[in-house]
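*Asks:* Just dropping this structure here.
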Amino acid sequence: MDAYKPSYLENLPKFNMEQSQLALVERKALSGSSEFFRKLMQTKFNIIGQVSRATSAADIRFLLEEDIPPKLQLDPFFELWVDDMANVCNVFCDVVGEDAIGFCLSTERGCRRYHIDNVPMRLLVTYAGEGTEWLPESASDREAFEGGMANEFILKDPSARQFVGLWDIAVFRGGPKGVLHRTPDSALNGPSILMRLDREDFWNNVLGQSQDNTALKALNEGT
């Protein structure tokens, strides 16, 4: 299975015309990111909400304002990061053909077992820590996966495992032909920062909540 690898983020919507089950956009980390995220990972958070194309940066600032330490929000890098997330959100809106998307930003990841997402498409960006582990088709045993077996039976060739690079953008198709992937051990056992984007109705369907970001933030504060 070859991943679709556009050279530019703006070409990601062409993934809709590709047969590949995975799209990867390789990027370089912005200057100053390592020190900023080293400080940020001292704080645990799990932020969910909706980001609209027309107000993406403002929506993200609103969602982050209570969870990101105020001192870090004043760091010049913070605005660069918000702008990057907003840009990725806008492009994903183009990919899924929606005016808004479901947004999640978290320091904790728990997808231990190889799996396929039960959504049409999901975008992942790891800003700190190790990126998502995924398996080429030749390295995985689909029958073991479908039979509910453990990772050691699903993984046929450990040397063939692939990892999404830091800051790289990965879009996984869901469904039975989707790429098997998981949270790498280093991220299961330590902090990281992962942004996950879904269609706008994802969190509303899962949580049975209003689309209003204020309601979603209140729910976060109660968990």
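Order determines the names: the first chain of the structure tokens is A, the second B, and so forth; residues in each chain are numbered 1 upward, and ligands are numbered 1 upward as they are shown.
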I want to know what sits within 8 Å of Gly102 of chain A, based on only C-alpha atoms, with residues of the same chain fewer than 5 positions away left out; could you give that as a PDB file with C-alpha atoms, in the first residue's frame?
*Replies:*
ATOM      1  CA  ILE A  48     -12.523  19.129  22.193  1.00  0.00           C
ATOM      2  CA  GLY A  49     -14.769  21.417  20.197  1.00  0.00           C
ATOM      3  CA  GLN A  50     -15.803  22.602  16.767  1.00  0.00           C
ATOM      4  CA  VAL A  51     -13.677  24.748  14.474  1.00  0.00           C
ATOM      5  CA  LEU A 197      -9.638  16.317  13.296  1.00  0.00           C
ATOM      6  CA  ASP A 198     -12.919  14.651  12.304  1.00  0.00           C
ATOM      7  CA  ARG A 199     -16.073  15.613  10.480  1.00  0.00           C
ATOM      8  CA  GLU A 200     -17.982  18.262  12.422  1.00  0.00           C
ATOM      9  CA  ASP A 201     -20.650  15.876  13.711  1.00  0.00           C
ATOM     10  CA  PHE A 202     -18.215  13.371  15.245  1.00  0.00           C
ATOM     11  CA  TRP A 203     -18.040  14.684  18.822  1.00  0.00           C
TER      12      TRP A 203
END
*Asks:* Please identify which residues in segment 137-166 of chain A DSSP calls strand (DSSP E or B) from the backbone, and express them as a PDB file with N, CA and C atoms, in the first residue's frame.
*Replies:*
ATOM      1  N   SER A 140       1.135  -6.659   8.102  1.00  0.00           N
ATOM      2  CA  SER A 140       0.026  -6.917   9.018  1.00  0.00           C
ATOM      3  C   SER A 140      -0.732  -8.185   8.660  1.00  0.00           C
ATOM      4  N   LEU A 155       0.982  -7.970  14.028  1.00  0.00           N
ATOM      5  CA  LEU A 155       2.226  -7.475  13.439  1.00  0.00           C
ATOM      6  C   LEU A 155       3.078  -8.638  12.937  1.00  0.00           C
ATOM      7  N   GLN A 162       5.948   1.697  10.368  1.00  0.00           N
ATOM      8  CA  GLN A 162       6.175   3.072   9.952  1.00  0.00           C
ATOM      9  C   GLN A 162       5.635   4.017  11.027  1.00  0.00           C
ATOM     10  N   PHE A 163       6.216   5.212  11.112  1.00  0.00           N
ATOM     11  CA  PHE A 163       5.778   6.202  12.085  1.00  0.00           C
ATOM     12  C   PHE A 163       5.593   7.543  11.381  1.00  0.00           C
TER      13      PHE A 163
END
*Asks:* Give me the residues within 8 Å of segment 114-117 of chain A as a ChimeraX atom specification, counting only C-alpha atoms and dropping any in the same chain fewer than 5 places off.
*Replies:* /A:122,145,151,154,172-176,178-182
*Asks:* I'd like the interatomic distance between atom CA of Phe153 of chain A and atom CA of Ala187 of chain A, to a tenth of an Å.
*Replies:*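 Interatomic distance here is 21.3 Å.
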*Asks:* Taking into account only C-alpha atoms, which residue in the set A:Val119, A:Leu80, A:Val88, A:Leu124 is nearest to Ser31 of chain A?
*Replies:* A:Leu80
*Asks:* Between A:Pro158, A:Pro136, A:Pro69, A:Pro184, which is the closest to Ser20 of chain A once you count only C-alpha atoms?
*Replies:*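 The answer is A:Pro136, which sits nearest to Ser20 of chain A.
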*Asks:* Leaving out Lys14 of chain A and any residue of its chain fewer than 6 positions from it, which residues lie within 10 Å of it when counting only C-alpha atoms, given as a VMD selection string?
*Replies:* chain A and resid 4 6 23 94 to 95
*Asks:* Write to file, as a compact mmCIF listing (two decimals), in the first residue's frame, the residues of the selection just made, with C-alpha atoms.
*Replies:*
# COMPACT_ATOMS: atom_id res chain seq x y z
CA TYR A 4 -0.55 9.50 -1.16
CA PRO A 6 1.35 15.56 -1.76
CA ALA A 23 -2.25 10.51 2.90
CA ASP A 94 -11.86 21.18 2.04
CA VAL A 95 -11.00 17.48 2.24
*Asks:* Just the residues within 12 Å of Gly110 of chain A, please, counting only C-alpha atoms, with nothing from its chain fewer than 6 positions along; format it as a compact mmCIF listing (two decimals) with C-alpha atoms, in the first residue's frame.
*Replies:*
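This went into out_21.txt:
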# COMPACT_ATOMS: atom_id res chain seq x y z
CA THR A 132 1.33 7.53 15.03
CA ARG A 182 -1.88 2.65 16.87
CA THR A 183 -0.33 4.95 19.45
CA PRO A 184 3.40 4.12 19.71
CA ASP A 185 4.69 2.80 23.04
CA SER A 186 6.63 5.98 23.78
CA ALA A 187 3.42 8.06 23.59
CA LEU A 188 1.44 5.51 25.62
CA ASN A 189 3.99 5.75 28.42
CA GLY A 190 4.72 9.47 28.27
CA PRO A 191 3.26 12.84 27.28
CA SER A 192 2.80 14.03 23.73
CA LEU A 194 -1.67 15.28 19.23
*Asks:* So, with only C-alpha atoms as the atoms that count, which of A:Ile47, A:Ala160, A:Met195, A:Val96 lies closest to Glu66 of chain A?
*Replies:*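 Closest candidate: A:Ile47.
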*Asks:* Of the residues A:Lys71, A:Arg27, A:Arg61, A:Arg109, which is the one nearest to Ile169 of chain A, using only C-alpha atoms?
*Replies:*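 Checking each of A:Lys71, A:Arg27, A:Arg61, A:Arg109 against Ile169 of chain A, counting only C-alpha atoms, the winner is A:Arg27.
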*Asks:* Have a look at atom CA of Val91 of chain A and atom CA of Arg53 of chain A and let me know their distance in Å, one decimal.
*Replies:*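 Computed distance, atom CA of Val91 of chain A to atom CA of Arg53 of chain A, equals 8.8 Å.
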*Asks:* Which of chain A counts as alpha helix (DSSP H) under DSSP, as number ranges by chain please?
*Replies:* A: 33-40, 56-64, 70-73, 76-96, 142-146, 151-154, 185-188, 202-207, 213-221
*Asks:* Could you check the closest approach to Ala139 of chain A for each of A:Asp59, A:Asp157, A:Glu98, A:Glu152 and tell me which residue wins, using only C-alpha atoms?
*Replies:*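 Checking each of A:Asp59, A:Asp157, A:Glu98, A:Glu152 against Ala139 of chain A, counting only C-alpha atoms, the winner is A:Asp157.
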*Asks:* Kindly give the distance, in Å, that separates atom CA of Ser34 of chain A and atom CA of Lys5 of chain A, rounded to a single decimal.
*Replies:*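 Between atom CA of Ser34 of chain A and atom CA of Lys5 of chain A the gap is 25.1 Å.
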